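Engineer: Just one file: coords17.json, with JSON, C-alpha atoms and all ligand atoms.
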```json
[["chain", "number", "residue", "atom", "x", "y", "z"],
["A", 11, "MET", "CA", 0.00, 0.00, 0.00],
["A", 12, "PRO", "CA", 1.47, 3.41, -0.91],
["A", 13, "GLU", "CA", 2.64, 5.22, 2.20],
["A", 14, "HIS", "CA", 0.43, 8.27, 1.62],
["A", 15, "LEU", "CA", -2.65, 6.08, 2.08],
["A", 16, "THR", "CA", -1.75, 5.59, 5.72],
["A", 17, "LEU", "CA", -1.11, 9.27, 6.37],
["A", 18, "LEU", "CA", -4.50, 10.93, 5.99],
["A", 19, "PRO", "CA", -4.79, 13.18, 9.04],
["A", 20, "ALA", "CA", -7.80, 13.64, 11.29],
["A", 21, "PRO", "CA", -10.10, 16.44, 10.11],
["A", 22, "PRO", "CA", -9.59, 19.89, 11.61],
["A", 23, "ILE", "CA", -11.85, 21.24, 14.32],
["A", 24, "VAL", "CA", -14.56, 23.39, 12.75],
["A", 25, "ASP", "CA", -14.31, 26.87, 14.28],
["A", 26, "ARG", "CA", -17.14, 28.50, 12.38],
["A", 27, "ALA", "CA", -20.05, 26.15, 11.66],
["A", 28, "ALA", "CA", -21.67, 29.08, 9.80],
["A", 29, "ASP", "CA", -19.13, 28.65, 6.96],
["A", 30, "ILE", "CA", -19.72, 24.97, 6.16],
["A", 31, "SER", "CA", -22.31, 22.52, 4.86],
["A", 32, "LEU", "CA", -22.25, 18.88, 5.92],
["A", 33, "PHE", "CA", -23.00, 15.85, 3.71],
["A", 34, "LEU", "CA", -23.27, 12.59, 5.64],
["A", 35, "ASP", "CA", -23.32, 9.06, 4.29],
["A", 36, "PHE", "CA", -25.41, 6.56, 6.34],
["A", 37, "ASP", "CA", -24.13, 2.94, 6.40],
["A", 38, "GLY", "CA", -20.59, 2.77, 7.76],
["A", 39, "THR", "CA", -20.61, 6.48, 8.61],
["A", 40, "LEU", "CA", -23.61, 7.29, 10.83],
["A", 41, "VAL", "CA", -24.30, 3.63, 11.71],
["A", 42, "ASP", "CA", -21.97, 0.64, 11.97],
["A", 43, "ILE", "CA", -22.07, -1.98, 9.24],
["A", 44, "ALA", "CA", -24.43, -4.85, 10.19],
["A", 45, "PRO", "CA", -24.62, -8.47, 8.95],
["A", 46, "ARG", "CA", -27.69, -7.65, 6.84],
["A", 47, "HIS", "CA", -29.08, -4.46, 5.25],
["A", 48, "ASP", "CA", -32.23, -4.77, 7.38],
["A", 49, "ALA", "CA", -30.34, -5.25, 10.66],
["A", 50, "VAL", "CA", -28.58, -1.91, 11.22],
["A", 51, "VAL", "CA", -28.74, -0.51, 14.73],
["A", 52, "VAL", "CA", -29.21, 3.25, 15.00],
["A", 53, "ALA", "CA", -27.66, 4.73, 18.16],
["A", 54, "PRO", "CA", -30.38, 6.28, 20.35],
["A", 55, "SER", "CA", -28.31, 9.48, 20.47],
["A", 56, "LEU", "CA", -28.14, 9.92, 16.67],
["A", 57, "ASN", "CA", -31.54, 11.57, 16.22],
["A", 58, "GLY", "CA", -30.67, 14.19, 18.85],
["A", 59, "LEU", "CA", -27.21, 14.75, 17.36],
["A", 60, "LEU", "CA", -28.62, 15.36, 13.86],
["A", 61, "THR", "CA", -31.36, 17.59, 15.24],
["A", 62, "ARG", "CA", -28.81, 19.71, 17.12],
["A", 63, "LEU", "CA", -26.61, 19.90, 14.02],
["A", 64, "THR", "CA", -29.57, 20.94, 11.86],
["A", 65, "GLN", "CA", -30.38, 23.76, 14.25],
["A", 66, "ARG", "CA", -26.77, 24.87, 14.81],
["A", 67, "MET", "CA", -26.06, 24.83, 11.08],
["A", 68, "ASP", "CA", -29.31, 26.43, 10.03],
["A", 69, "HIS", "CA", -30.21, 23.35, 7.91],
["A", 70, "ARG", "CA", -26.92, 23.16, 5.96],
["A", 71, "ILE", "CA", -26.81, 19.40, 6.45],
["A", 72, "ALA", "CA", -27.88, 16.52, 4.22],
["A", 73, "VAL", "CA", -27.76, 12.74, 4.51],
["A", 74, "VAL", "CA", -26.54, 11.27, 1.19],
["A", 75, "SER", "CA", -27.09, 7.51, 0.96],
["A", 76, "GLY", "CA", -27.36, 4.54, -1.35],
["A", 77, "ARG", "CA", -30.56, 3.69, 0.51],
["A", 78, "SER", "CA", -33.89, 5.20, -0.44],
["A", 79, "ILE", "CA", -35.01, 8.45, 1.19],
["A", 80, "GLY", "CA", -37.90, 6.64, 2.89],
["A", 81, "ASP", "CA", -35.53, 4.05, 4.35],
["A", 82, "ILE", "CA", -33.19, 6.76, 5.71],
["A", 83, "LEU", "CA", -35.93, 8.88, 7.28],
["A", 84, "SER", "CA", -37.52, 5.82, 8.83],
["A", 85, "HIS", "CA", -34.22, 4.60, 10.33],
["A", 86, "LEU", "CA", -33.46, 8.07, 11.71],
["A", 87, "GLY", "CA", -37.00, 8.67, 12.98],
["A", 88, "MET", "CA", -36.94, 12.03, 11.16],
["A", 89, "SER", "CA", -39.76, 11.69, 8.60],
["A", 90, "ASP", "CA", -41.52, 14.75, 10.00],
["A", 91, "GLN", "CA", -38.41, 16.89, 10.34],
["A", 92, "PRO", "CA", -36.96, 19.34, 7.78],
["A", 93, "LEU", "CA", -33.90, 17.25, 6.89],
["A", 94, "ALA", "CA", -32.40, 17.28, 3.38],
["A", 95, "VAL", "CA", -31.70, 13.77, 2.06],
["A", 96, "ALA", "CA", -30.28, 12.42, -1.21],
["A", 97, "GLY", "CA", -31.28, 8.77, -1.61],
["A", 98, "SER", "CA", -30.54, 5.92, -4.00],
["A", 99, "HIS", "CA", -26.95, 7.10, -4.62],
["A", 100, "GLY", "CA", -28.15, 10.60, -5.63],
["A", 101, "LEU", "CA", -31.07, 9.60, -7.87],
["A", 102, "GLU", "CA", -33.74, 11.03, -5.54],
["A", 103, "LEU", "CA", -33.60, 14.28, -3.57],
["A", 104, "ARG", "CA", -35.62, 15.51, -0.61],
["A", 105, "TRP", "CA", -35.13, 19.20, 0.01],
["A", 106, "MET", "CA", -35.29, 20.75, 3.45],
["A", 107, "ASP", "CA", -38.86, 21.96, 2.79],
["A", 108, "GLY", "CA", -39.98, 18.38, 2.09],
["A", 109, "CYS", "CA", -40.09, 18.71, -1.74],
["A", 110, "HIS", "CA", -39.16, 15.35, -3.26],
["A", 111, "GLU", "CA", -37.61, 14.75, -6.72],
["A", 112, "ALA", "CA", -37.45, 11.19, -7.99],
["A", 113, "PRO", "CA", -37.29, 9.39, -11.34],
["A", 114, "GLN", "CA", -39.66, 6.65, -12.52],
["A", 115, "ARG", "CA", -38.95, 3.15, -11.20],
["A", 116, "PRO", "CA", -37.27, 1.31, -14.12],
["A", 117, "GLU", "CA", -39.30, -1.65, -15.41],
["A", 118, "ALA", "CA", -36.10, -3.67, -15.81],
["A", 119, "ILE", "CA", -35.82, -4.01, -12.01],
["A", 120, "ALA", "CA", -38.15, -7.02, -12.29],
["A", 121, "ASP", "CA", -35.66, -8.69, -14.66],
["A", 122, "ALA", "CA", -32.76, -7.93, -12.31],
["A", 123, "LEU", "CA", -34.62, -9.20, -9.24],
["A", 124, "ALA", "CA", -35.60, -12.46, -10.99],
["A", 125, "ALA", "CA", -31.97, -13.11, -11.97],
["A", 126, "PHE", "CA", -30.71, -12.20, -8.47],
["A", 127, "HIS", "CA", -33.26, -14.43, -6.70],
["A", 128, "ALA", "CA", -32.32, -17.35, -8.97],
["A", 129, "LEU", "CA", -28.67, -16.99, -7.92],
["A", 130, "ALA", "CA", -29.63, -16.58, -4.25],
["A", 131, "ALA", "CA", -31.64, -19.82, -4.40],
["A", 132, "ASP", "CA", -28.41, -21.68, -5.20],
["A", 133, "HIS", "CA", -26.21, -19.87, -2.65],
["A", 134, "PRO", "CA", -27.40, -19.82, 0.98],
["A", 135, "GLY", "CA", -26.41, -16.53, 2.58],
["A", 136, "ILE", "CA", -26.86, -14.31, -0.48],
["A", 137, "VAL", "CA", -29.44, -11.63, 0.27],
["A", 138, "VAL", "CA", -31.35, -9.78, -2.46],
["A", 139, "GLU", "CA", -32.41, -6.18, -1.71],
["A", 140, "ASP", "CA", -35.28, -4.71, -3.76],
["A", 141, "LYS", "CA", -34.63, -0.96, -4.04],
["A", 142, "PRO", "CA", -36.82, 1.76, -5.59],
["A", 143, "TYR", "CA", -34.38, 2.43, -8.46],
["A", 144, "GLY", "CA", -32.31, -0.72, -8.52],
["A", 145, "ALA", "CA", -31.50, -4.03, -6.88],
["A", 146, "ALA", "CA", -28.63, -5.21, -4.70],
["A", 147, "LEU", "CA", -26.93, -8.57, -4.25],
["A", 148, "HIS", "CA", -25.43, -8.84, -0.76],
["A", 149, "TYR", "CA", -22.80, -11.54, -0.15],
["A", 150, "ARG", "CA", -21.58, -10.50, 3.34],
["A", 151, "GLN", "CA", -22.82, -13.87, 4.67],
["A", 152, "ALA", "CA", -21.62, -15.80, 1.62],
["A", 153, "PRO", "CA", -18.22, -14.22, 0.79],
["A", 154, "ASP", "CA", -17.22, -17.03, -1.57],
["A", 155, "ALA", "CA", -20.16, -16.08, -3.79],
["A", 156, "GLY", "CA", -18.75, -12.58, -4.40],
["A", 157, "PRO", "CA", -17.32, -13.36, -7.87],
["A", 158, "ALA", "CA", -20.58, -15.03, -8.97],
["A", 159, "CYS", "CA", -22.55, -11.98, -7.75],
["A", 160, "ASP", "CA", -20.22, -9.59, -9.58],
["A", 161, "ALA", "CA", -20.44, -11.61, -12.82],
["A", 162, "LEU", "CA", -24.23, -11.87, -12.73],
["A", 163, "ALA", "CA", -24.70, -8.18, -11.93],
["A", 164, "ALA", "CA", -22.36, -7.21, -14.79],
["A", 165, "ALA", "CA", -24.30, -9.43, -17.22],
["A", 166, "VAL", "CA", -27.67, -7.98, -16.15],
["A", 167, "ALA", "CA", -26.26, -4.43, -16.32],
["A", 168, "ALA", "CA", -25.07, -5.05, -19.90],
["A", 169, "ARG", "CA", -28.50, -6.18, -21.09],
["A", 170, "THR", "CA", -30.61, -3.67, -19.14],
["A", 171, "GLY", "CA", -28.55, -0.46, -19.16],
["A", 172, "PHE", "CA", -28.35, -0.26, -15.35],
["A", 173, "SER", "CA", -25.19, 1.22, -13.82],
["A", 174, "LEU", "CA", -23.05, -1.12, -11.74],
["A", 175, "GLN", "CA", -22.28, 0.06, -8.20],
["A", 176, "HIS", "CA", -19.81, -1.93, -6.12],
["A", 177, "GLY", "CA", -19.85, -1.53, -2.36],
["A", 178, "LYS", "CA", -18.99, -3.29, 0.87],
["A", 179, "MET", "CA", -19.79, -6.99, 0.27],
["A", 180, "VAL", "CA", -22.47, -5.91, -2.19],
["A", 181, "VAL", "CA", -22.92, -5.28, -5.87],
["A", 182, "GLU", "CA", -25.85, -3.15, -6.98],
["A", 183, "LEU", "CA", -27.63, -2.30, -10.18],
["A", 184, "ARG", "CA", -28.96, 1.24, -10.18],
["A", 185, "ALA", "CA", -30.68, 3.44, -12.70],
["A", 186, "ALA", "CA", -28.23, 5.67, -14.53],
["A", 187, "GLY", "CA", -28.58, 9.42, -14.14],
["A", 188, "ALA", "CA", -26.94, 10.75, -11.00],
["A", 189, "ASP", "CA", -24.40, 9.95, -8.33],
["A", 190, "LYS", "CA", -23.58, 11.34, -4.89],
["A", 191, "GLY", "CA", -21.44, 14.07, -6.46],
["A", 192, "ASP", "CA", -24.45, 15.30, -8.43],
["A", 193, "ALA", "CA", -26.46, 15.42, -5.20],
["A", 194, "VAL", "CA", -23.77, 17.56, -3.54],
["A", 195, "ARG", "CA", -23.72, 19.95, -6.52],
["A", 196, "ARG", "CA", -27.54, 20.24, -6.54],
["A", 197, "PHE", "CA", -27.77, 21.08, -2.84],
["A", 198, "MET", "CA", -24.75, 23.42, -2.97],
["A", 199, "ALA", "CA", -26.31, 25.42, -5.82],
["A", 200, "GLU", "CA", -29.21, 26.58, -3.63],
["A", 201, "PRO", "CA", -29.73, 28.30, -0.27],
["A", 202, "PRO", "CA", -29.00, 27.62, 2.52],
["A", 203, "MET", "CA", -25.84, 25.78, 1.35],
["A", 204, "ARG", "CA", -24.85, 28.03, -1.55],
["A", 205, "GLY", "CA", -21.59, 29.89, -0.91],
["A", 206, "THR", "CA", -20.45, 27.64, 1.95],
["A", 207, "GLN", "CA", -17.67, 25.04, 2.14],
["A", 208, "PRO", "CA", -18.94, 21.46, 1.64],
["A", 209, "ILE", "CA", -17.63, 18.64, 3.83],
["A", 210, "PHE", "CA", -18.56, 15.09, 2.75],
["A", 211, "ILE", "CA", -18.14, 12.21, 5.22],
["A", 212, "GLY", "CA", -18.37, 8.65, 3.93],
["A", 213, "ASP", "CA", -16.82, 5.20, 3.94],
["A", 214, "ASP", "CA", -17.70, 3.37, 0.73],
["A", 215, "LEU", "CA", -16.84, 3.50, -2.99],
["A", 216, "THR", "CA", -20.09, 5.33, -3.79],
["A", 217, "ASP", "CA", -18.87, 8.16, -1.54],
["A", 218, "GLU", "CA", -15.85, 8.89, -3.73],
["A", 219, "ALA", "CA", -18.03, 10.97, -6.10],
["A", 220, "GLY", "CA", -19.15, 12.98, -3.06],
["A", 221, "PHE", "CA", -15.54, 13.52, -1.90],
["A", 222, "ALA", "CA", -14.53, 14.72, -5.38],
["A", 223, "ALA", "CA", -17.52, 17.09, -5.64],
["A", 224, "ALA", "CA", -16.81, 18.57, -2.20],
["A", 225, "GLU", "CA", -13.15, 19.11, -3.11],
["A", 226, "ALA", "CA", -14.07, 20.74, -6.44],
["A", 227, "LEU", "CA", -16.40, 23.14, -4.61],
["A", 228, "GLY", "CA", -13.68, 24.29, -2.19],
["A", 229, "GLY", "CA", -14.34, 21.80, 0.58],
["A", 230, "TYR", "CA", -13.08, 18.33, 1.36],
["A", 231, "GLY", "CA", -13.93, 14.71, 2.03],
["A", 232, "ILE", "CA", -13.46, 12.71, 5.22],
["A", 233, "LEU", "CA", -12.99, 8.96, 4.75],
["A", 234, "VAL", "CA", -14.33, 6.71, 7.51],
["A", 235, "GLY", "CA", -12.51, 3.45, 8.27],
["A", 236, "GLY", "CA", -9.18, 2.01, 7.18],
["A", 237, "PRO", "CA", -6.79, 3.65, 4.71],
["A", 238, "ARG", "CA", -7.41, 3.13, 1.00],
["A", 239, "GLU", "CA", -6.97, 5.02, -2.22],
["A", 240, "THR", "CA", -9.44, 7.90, -1.99],
["A", 241, "ALA", "CA", -10.28, 11.45, -3.02],
["A", 242, "ALA", "CA", -10.87, 12.29, 0.67],
["A", 243, "ARG", "CA", -8.38, 14.60, 2.40],
["A", 244, "TYR", "CA", -8.92, 13.48, 5.99],
["A", 245, "ARG", "CA", -9.83, 10.27, 7.80],
["A", 246, "LEU", "CA", -11.77, 9.18, 10.88],
["A", 247, "ALA", "CA", -11.29, 5.59, 12.01],
["A", 248, "SER", "CA", -14.81, 4.65, 13.07],
["A", 249, "VAL", "CA", -18.49, 5.55, 13.29],
["A", 250, "ALA", "CA", -17.91, 6.45, 16.96],
["A", 251, "ASP", "CA", -15.23, 8.92, 15.85],
["A", 252, "VAL", "CA", -17.67, 10.43, 13.32],
["A", 253, "HIS", "CA", -20.25, 10.97, 16.07],
["A", 254, "ALA", "CA", -17.62, 12.57, 18.30],
["A", 255, "TRP", "CA", -16.44, 14.90, 15.50],
["A", 256, "LEU", "CA", -20.03, 15.86, 14.64],
["A", 257, "GLY", "CA", -20.68, 16.48, 18.32],
["A", 258, "GLY", "CA", -17.86, 19.02, 18.22],
["A", 259, "VAL", "CA", -19.45, 20.77, 15.23],
["A", 260, "ALA", "CA", -22.81, 20.75, 17.03],
["A", 261, "GLY", "CA", -21.16, 22.52, 19.93],
["A", 262, "GLY", "CA", -20.86, 19.82, 22.54],
["A", 263, "GLU", "CA", -20.43, 16.13, 23.18],
["A", 264, "ALA", "CA", -21.80, 13.53, 20.74],
["B", 1, "LIG", "O1", -24.54, 5.06, 0.88],
["B", 1, "LIG", "P1", -24.75, 4.27, 2.13],
["B", 1, "LIG", "O2", -25.68, 4.93, 3.09],
["B", 1, "LIG", "O3", -23.46, 3.87, 2.77],
["B", 1, "LIG", "O4", -25.48, 2.92, 1.65],
["B", 1, "LIG", "C1", -24.73, 1.98, 0.89],
["B", 1, "LIG", "C2", -25.44, 0.64, 0.94],
["B", 1, "LIG", "O5", -25.63, 0.33, 2.32],
["B", 1, "LIG", "C3", -26.32, -0.86, 2.65],
["B", 1, "LIG", "O6", -25.45, -1.97, 2.48],
["B", 1, "LIG", "C4", -24.31, -1.90, 3.33],
["B", 1, "LIG", "O7", -24.73, -1.88, 4.70],
["B", 1, "LIG", "C5", -25.37, -3.10, 5.18],
["B", 1, "LIG", "C6", -25.81, -2.85, 6.62],
["B", 1, "LIG", "O8", -24.72, -2.46, 7.41],
["B", 1, "LIG", "C7", -24.38, -4.25, 5.06],
["B", 1, "LIG", "O9", -24.98, -5.46, 5.52],
["B", 1, "LIG", "C8", -23.94, -4.38, 3.60],
["B", 1, "LIG", "O10", -22.93, -5.39, 3.50],
["B", 1, "LIG", "C9", -23.37, -3.06, 3.09],
["B", 1, "LIG", "O11", -23.05, -3.14, 1.70],
["B", 1, "LIG", "C10", -27.61, -0.99, 1.89],
["B", 1, "LIG", "O12", -28.14, -2.28, 2.03],
["B", 1, "LIG", "C11", -27.48, -0.64, 0.41],
["B", 1, "LIG", "O13", -28.78, -0.57, -0.18],
["B", 1, "LIG", "C12", -26.81, 0.72, 0.27],
["B", 1, "LIG", "O14", -26.66, 1.07, -1.11]]
```
Reformat the file's structure so that it appears as structure tokens.

Structural biologist:
Amino acid sequence: MPEHLTLLPAPPIVDRAADISLFLDFDGTLVDIAPRHDAVVVAPSLNGLLTRLTQRMDHRIAVVSGRSIGDILSHLGMSDQPLAVAGSHGLELRWMDGCHEAPQRPEAIADALAAFHALAADHPGIVVEDKPYGAALHYRQAPDAGPACDALAAAVAARTGFSLQHGKMVVELRAAGADKGDAVRRFMAEPPMRGTQPIFIGDDLTDEAGFAAAEALGGYGILVGGPRETAARYRLASVADVHAWLGGVAGGEA
């Protein structure tokens, strides 16, 4: 591993929260990775932390996830709160005022799901996730099936036009059209984020587009987890460290 990969420093303390906007990934950043996509545990303190951040930062905060917006709001218990969210890797946007932009659900998802379920039937441990704008093949509990999942997803992508998205022990098919970087640029083009410095915190490959967009807009990315090749400028080792850093931005303990 190149030496510079091990040398990403911890992010600086934010002196003036009024100058920044925060973009937060969900899995592996706000919550620890779980054995299954439907088994994540949300820390009881997270809702309060995000609520304090939203108030302190005058709503310049967005969750940017590969999950759907509905899934994120439900996990956070914030469906009724004015939180900006980009879901489905940037394909759907919920603005702070509750306005929701989303594409049509592609018909080819049925084809993808049928192919994925056929593979899962032959490999105990593979989990198929039906998503609003795509489908995911999880092999966290069947790691030996990773190559078969990758090959099948690539074949279905080639015949359907879906984009391939690799992640942590998962390969996804998702509708083409936007990524997390596009979501950052959309939010940053409008008040209340316009003119501020974007900071994107994430752990997975899908977050690299968010890191690059933040950097291009005068901000930076913060990678969560172990060192790897990344467009992020800083690193935090764990979800607990993310909560502690965010607690500092919010003006107190996590
Ligand atoms: O952009 P994110 O918020 O990080 O979402 C990325 C994907 O996260 C989920 O899968 C990952 O987390 C699961 C729960 O910890 C884990 O079991 C799985 O191995 C990970 O890949 C989610 O299921 C996907 O839909 C998201 O795209």

Engineer: Tell me, counting all atoms listed in the file, for each residue of chain A within 6 Å of ligand LIG 1 (chain B), which pair of atoms is nearest and how far apart they are in Å to one decimal, in rows ordered by chain and increasing number, as CSV.

Structural biologist:
```
residue,atom,partner,partner_atom,distance
A:Asp35,CA,B:LIG1,O2,4.9
A:Phe36,CA,B:LIG1,O2,3.6
A:Asp37,CA,B:LIG1,O3,3.8
A:Gly38,CA,B:LIG1,O3,5.9
A:Ile43,CA,B:LIG1,O8,3.3
A:Ala44,CA,B:LIG1,O8,3.7
A:Pro45,CA,B:LIG1,O9,4.6
A:Arg46,CA,B:LIG1,O9,3.7
A:His47,CA,B:LIG1,C6,3.9
A:Val50,CA,B:LIG1,C6,5.5
A:Ser75,CA,B:LIG1,O1,3.5
A:Gly76,CA,B:LIG1,O14,3.5
A:Arg77,CA,B:LIG1,O13,4.7
A:Arg150,CA,B:LIG1,O10,5.3
A:Gly177,CA,B:LIG1,O11,5.4
A:Lys178,CA,B:LIG1,O11,4.1
A:Met179,CA,B:LIG1,O10,4.8
A:Val180,CA,B:LIG1,O11,4.8
```

Engineer: Can you tell me which residues surround segment 199-210 of chain A at a distance of at most 6 Å, considering all atoms listed in the file, apart from same-chain residues fewer than 4 positions away, and format the answer as a PyMOL selection string?

Structural biologist: chain A and resi 29-33+70+221+224+228-231

Engineer: Would you compute an axis-aligned box for segment 220-224 of chain A, covering every atom listed for it in the file with 5 Å of margin on each side, and report centre and edge lengths in Å to one decimal as AutoDock Vina command-line options?

Structural biologist:
```
--center_x -16.8 --center_y 15.8 --center_z -3.8 --size_x 14.6 --size_y 15.6 --size_z 13.7
```

Engineer: From the options A:Leu18, A:Tyr143, A:Leu34, A:Arg104, which residue's atoms come nearest to Asp214 of chain A, counting only C-alpha atoms?

Structural biologist: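 Of A:Leu18, A:Tyr143, A:Leu34, A:Arg104, the one nearest Asp214 of chain A is A:Leu34, counting only C-alpha atoms.
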
Engineer: Have a look at A:Thr64, A:Thr216, A:Ser55, A:Ser84 and name the one nearest to Ser98 of chain A; count all atoms listed in the file.

Structural biologist: A:Thr216

Engineer: Fewer than 6 positions away in the same chain doesn't count, so skip those; otherwise give me all residues within 8 Å of Arg245 of chain A, counting all atoms listed in the file, as a PyMOL selection string.

Structural biologist: chain A and resi 18-21+232-235+237

Engineer: Taking C-alpha atoms for each residue, export the selection above as a PDB file, in the frame of the given file.

Structural biologist:
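Output below, filename selection.pdb:
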```pdb
ATOM      1  CA  LEU A  18      -4.500  10.930   5.990  1.00  0.00           C
ATOM      2  CA  PRO A  19      -4.790  13.180   9.040  1.00  0.00           C
ATOM      3  CA  ALA A  20      -7.800  13.640  11.290  1.00  0.00           C
ATOM      4  CA  PRO A  21     -10.100  16.440  10.110  1.00  0.00           C
ATOM      5  CA  ILE A 232     -13.460  12.710   5.220  1.00  0.00           C
ATOM      6  CA  LEU A 233     -12.990   8.960   4.750  1.00  0.00           C
ATOM      7  CA  VAL A 234     -14.330   6.710   7.510  1.00  0.00           C
ATOM      8  CA  GLY A 235     -12.510   3.450   8.270  1.00  0.00           C
ATOM      9  CA  PRO A 237      -6.790   3.650   4.710  1.00  0.00           C
TER      10      PRO A 237
END
```

Engineer: Which residues come within 8 Å of Asp192 of chain A, counting all atoms listed in the file, excluding same-chain residues fewer than 2 positions away, as a PyMOL selection string?

Structural biologist: chain A and resi 100+188-190+194-196+220+223

Engineer: Store the residues picked out above, limited to C-alpha atoms, as a PDB file, in the coordinates of the input.

Structural biologist:
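The resulting result25.pdb:
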```
ATOM      1  CA  GLY A 100     -28.150  10.600  -5.630  1.00  0.00           C
ATOM      2  CA  ALA A 188     -26.940  10.750 -11.000  1.00  0.00           C
ATOM      3  CA  ASP A 189     -24.400   9.950  -8.330  1.00  0.00           C
ATOM      4  CA  LYS A 190     -23.580  11.340  -4.890  1.00  0.00           C
ATOM      5  CA  VAL A 194     -23.770  17.560  -3.540  1.00  0.00           C
ATOM      6  CA  ARG A 195     -23.720  19.950  -6.520  1.00  0.00           C
ATOM      7  CA  ARG A 196     -27.540  20.240  -6.540  1.00  0.00           C
ATOM      8  CA  GLY A 220     -19.150  12.980  -3.060  1.00  0.00           C
ATOM      9  CA  ALA A 223     -17.520  17.090  -5.640  1.00  0.00           C
TER      10      ALA A 223
END
```

Engineer: Would you work out the distance separating atom CA of Arg238 of chain A from atom CA of Glu225 of chain A, expressed in Å to one decimal?

Structural biologist: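 Separation between atom CA of Arg238 of chain A and atom CA of Glu225 of chain A: 17.5 Å.
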
Engineer: For Phe197 of chain A, which of A:Glu102, A:Ala241, A:Gly144, A:Ala72 is the closest residue, counting all atoms listed in the file?

Structural biologist: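 For Phe197 of chain A, the nearest of the candidates is A:Ala72.
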
Engineer: Might you pull out every residue within 12 Å of Ala118 of chain A, with all atoms listed in the file counted and same-chain residues fewer than 2 positions away left off, and present them as a PDB file with C-alpha atoms, keeping the file's coordinate frame?

Structural biologist:
```
ATOM      1  CA  GLN A 114     -39.660   6.650 -12.520  1.00  0.00           C
ATOM      2  CA  ARG A 115     -38.950   3.150 -11.200  1.00  0.00           C
ATOM      3  CA  PRO A 116     -37.270   1.310 -14.120  1.00  0.00           C
ATOM      4  CA  ALA A 120     -38.150  -7.020 -12.290  1.00  0.00           C
ATOM      5  CA  ASP A 121     -35.660  -8.690 -14.660  1.00  0.00           C
ATOM      6  CA  ALA A 122     -32.760  -7.930 -12.310  1.00  0.00           C
ATOM      7  CA  LEU A 123     -34.620  -9.200  -9.240  1.00  0.00           C
ATOM      8  CA  ALA A 124     -35.600 -12.460 -10.990  1.00  0.00           C
ATOM      9  CA  ALA A 125     -31.970 -13.110 -11.970  1.00  0.00           C
ATOM     10  CA  PRO A 142     -36.820   1.760  -5.590  1.00  0.00           C
ATOM     11  CA  TYR A 143     -34.380   2.430  -8.460  1.00  0.00           C
ATOM     12  CA  GLY A 144     -32.310  -0.720  -8.520  1.00  0.00           C
ATOM     13  CA  ALA A 145     -31.500  -4.030  -6.880  1.00  0.00           C
ATOM     14  CA  VAL A 166     -27.670  -7.980 -16.150  1.00  0.00           C
ATOM     15  CA  ALA A 167     -26.260  -4.430 -16.320  1.00  0.00           C
ATOM     16  CA  ALA A 168     -25.070  -5.050 -19.900  1.00  0.00           C
ATOM     17  CA  ARG A 169     -28.500  -6.180 -21.090  1.00  0.00           C
ATOM     18  CA  THR A 170     -30.610  -3.670 -19.140  1.00  0.00           C
ATOM     19  CA  GLY A 171     -28.550  -0.460 -19.160  1.00  0.00           C
ATOM     20  CA  PHE A 172     -28.350  -0.260 -15.350  1.00  0.00           C
ATOM     21  CA  LEU A 183     -27.630  -2.300 -10.180  1.00  0.00           C
ATOM     22  CA  ARG A 184     -28.960   1.240 -10.180  1.00  0.00           C
ATOM     23  CA  ALA A 185     -30.680   3.440 -12.700  1.00  0.00           C
TER      24      ALA A 185
END
```

Engineer: Measure the distance from atom CA of Ile211 of chain A to atom CA of Val259 of chain A in Å and round it to one decimal.

Structural biologist: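 It comes out at 13.2 Å.
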
Engineer: Would you compute the distance between atom CA of Ala94 of chain A and atom CA of Asn57 of chain A? Give it in Å to one decimal.

Structural biologist: 14.1 Å

Engineer: May I ask which of the residues A:Asp217, A:Ala131, A:Pro54, A:Asp160 is the closest one to Val73 of chain A, counting all atoms listed in the file?

Structural biologist: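 For Val73 of chain A, the nearest of the candidates is A:Asp217.
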
Engineer: Neighbouring residues of Asp132 of chain A were defined as those with any atom within 12 Å, considering all atoms listed in the file; residues of the same chain fewer than 5 positions away were excluded. Please report them as a VMD selection string.

Structural biologist: chain A and resid 125 to 127 137 152 155 158 to 159

Engineer: Please determine, counting all atoms listed in the file, which residue among A:Gly257, A:Gly236, A:Pro153, A:Gly191 has the shortest atom-to-atom distance to Val74 of chain A.

Structural biologist: A:Gly191

Engineer: For a quick check of understanding, using only C-alpha atoms, which of A:Ala260, A:Val181, A:Ala130, A:Leu246 has the smallest distance to Leu147 of chain A?

Structural biologist: A:Val181

Engineer: Missing atoms in segment 187-192 of chain A should be modelled up to N, CA and C atoms and reported as a short mmCIF file (atom, residue, chain, number, x, y, z; two decimals), keeping the file's coordinate frame.

Structural biologist:
```cif
data_model
loop_
_atom_site.label_atom_id
_atom_site.label_comp_id
_atom_site.auth_asym_id
_atom_site.auth_seq_id
_atom_site.Cartn_x
_atom_site.Cartn_y
_atom_site.Cartn_z
N GLY A 187 -28.02 8.06 -14.18
CA GLY A 187 -28.58 9.42 -14.14
C GLY A 187 -27.95 10.34 -13.14
N ALA A 188 -27.54 9.85 -12.00
CA ALA A 188 -26.94 10.75 -11.00
C ALA A 188 -26.11 9.92 -10.03
N ASP A 189 -25.16 10.59 -9.39
CA ASP A 189 -24.40 9.95 -8.33
C ASP A 189 -24.36 10.90 -7.12
N LYS A 190 -23.60 10.51 -6.10
CA LYS A 190 -23.58 11.34 -4.89
C LYS A 190 -22.95 12.71 -5.15
N GLY A 191 -22.03 12.78 -6.11
CA GLY A 191 -21.44 14.07 -6.46
C GLY A 191 -22.48 15.01 -7.04
N ASP A 192 -23.37 14.48 -7.89
CA ASP A 192 -24.45 15.30 -8.43
C ASP A 192 -25.34 15.83 -7.31
#
```
